[in-house]
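Undergrad: Before anything else, here's the structure in question.
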Amino acid sequence: DALTEVARVLPPGGVFLVNQGGWGQGWFKEVQIRFADEAGTAKTFPGLSSPEELDDAMSAHGALLRVPEPLAFHEPHTLDEQIGRLERGLYSWTWRISQDDRTRAAAVVRDWARGRYGDLDEVRDFDYYDTWRFYDL
């Protein structure tokens, strides 16, 4: 329904931009997956489950796909900062998890991360790619 509405309201020649999001890479991906497991989400989220599903749906509305090169980012972060972002519900996939469940999951993940990675306040390299899809209507 949302994609039908996008196709309806964009004028001819309009472009619909989609950031694919994702779990990131490296240590933060592992932390997020552990958090999701502890929070009971089992990594199942509403909506489309693959970029190809989105491509097919937008193609059905006459959109042409463009996929630019991913944008590479390098940021320093601590494990405690990133777990705190999960606990506060910064990422949209965490919004349906209650604050109590996020707090509980964060405590468990902090304990696990200390054993797995050591000091939670150590600044670590965080490299990730931001991928987009452009749909020309």
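Residues in the structure tokens are named by chain (A, B, ... in the order shown) and by number from 1 within that chain; ligands are numbered from 1 in the order shown.
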Can you pull out every residue from chain A that DSSP, working from the backbone, puts in helix (DSSP H, G or I), and format the result as a ChimeraX atom specification?
TA: /A:2-9,26-39,51-60,79-88,92-94,99-117
Undergrad: What does the distance between atom CA of Leu65 of chain A and atom CA of Lys29 of chain A come to in Å, to one decimal place?
TA: 27.4 Å
Undergrad: Using only C-alpha atoms, which of the listed residues (A:Ala63, A:Leu10, A:Glu30, A:Gly21) sits closest to Ser92 of chain A?
TA: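 Selected residue with least distance to Ser92 of chain A: A:Gly21.
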Undergrad: Find the residues near Leu17 of chain A: any atom within 7 Å, counting only C-alpha atoms, skip ones fewer than 6 places away on the same chain, and give them as number ranges by chain.
TA: A: 132-135
Undergrad: Write the residues you've just listed into a file as a JSON list (two decimals), in the first residue's frame, and include N, CA, C and O atoms for each of them.
TA:
[["chain", "number", "residue", "atom", "x", "y", "z"],
["A", 132, "TRP", "N", 21.93, 2.54, -1.26],
["A", 132, "TRP", "CA", 20.69, 3.19, -1.69],
["A", 132, "TRP", "C", 20.15, 2.53, -2.95],
["A", 132, "TRP", "O", 20.90, 1.91, -3.71],
["A", 133, "ARG", "N", 18.87, 2.72, -3.17],
["A", 133, "ARG", "CA", 18.22, 2.34, -4.42],
["A", 133, "ARG", "C", 17.41, 3.54, -4.86],
["A", 133, "ARG", "O", 16.72, 4.16, -4.06],
["A", 134, "PHE", "N", 17.53, 3.91, -6.15],
["A", 134, "PHE", "CA", 16.78, 5.02, -6.72],
["A", 134, "PHE", "C", 15.77, 4.44, -7.70],
["A", 134, "PHE", "O", 16.15, 3.62, -8.57],
["A", 135, "TYR", "N", 14.54, 4.86, -7.59],
["A", 135, "TYR", "CA", 13.50, 4.41, -8.50],
["A", 135, "TYR", "C", 12.96, 5.61, -9.26],
["A", 135, "TYR", "O", 12.33, 6.50, -8.68]]
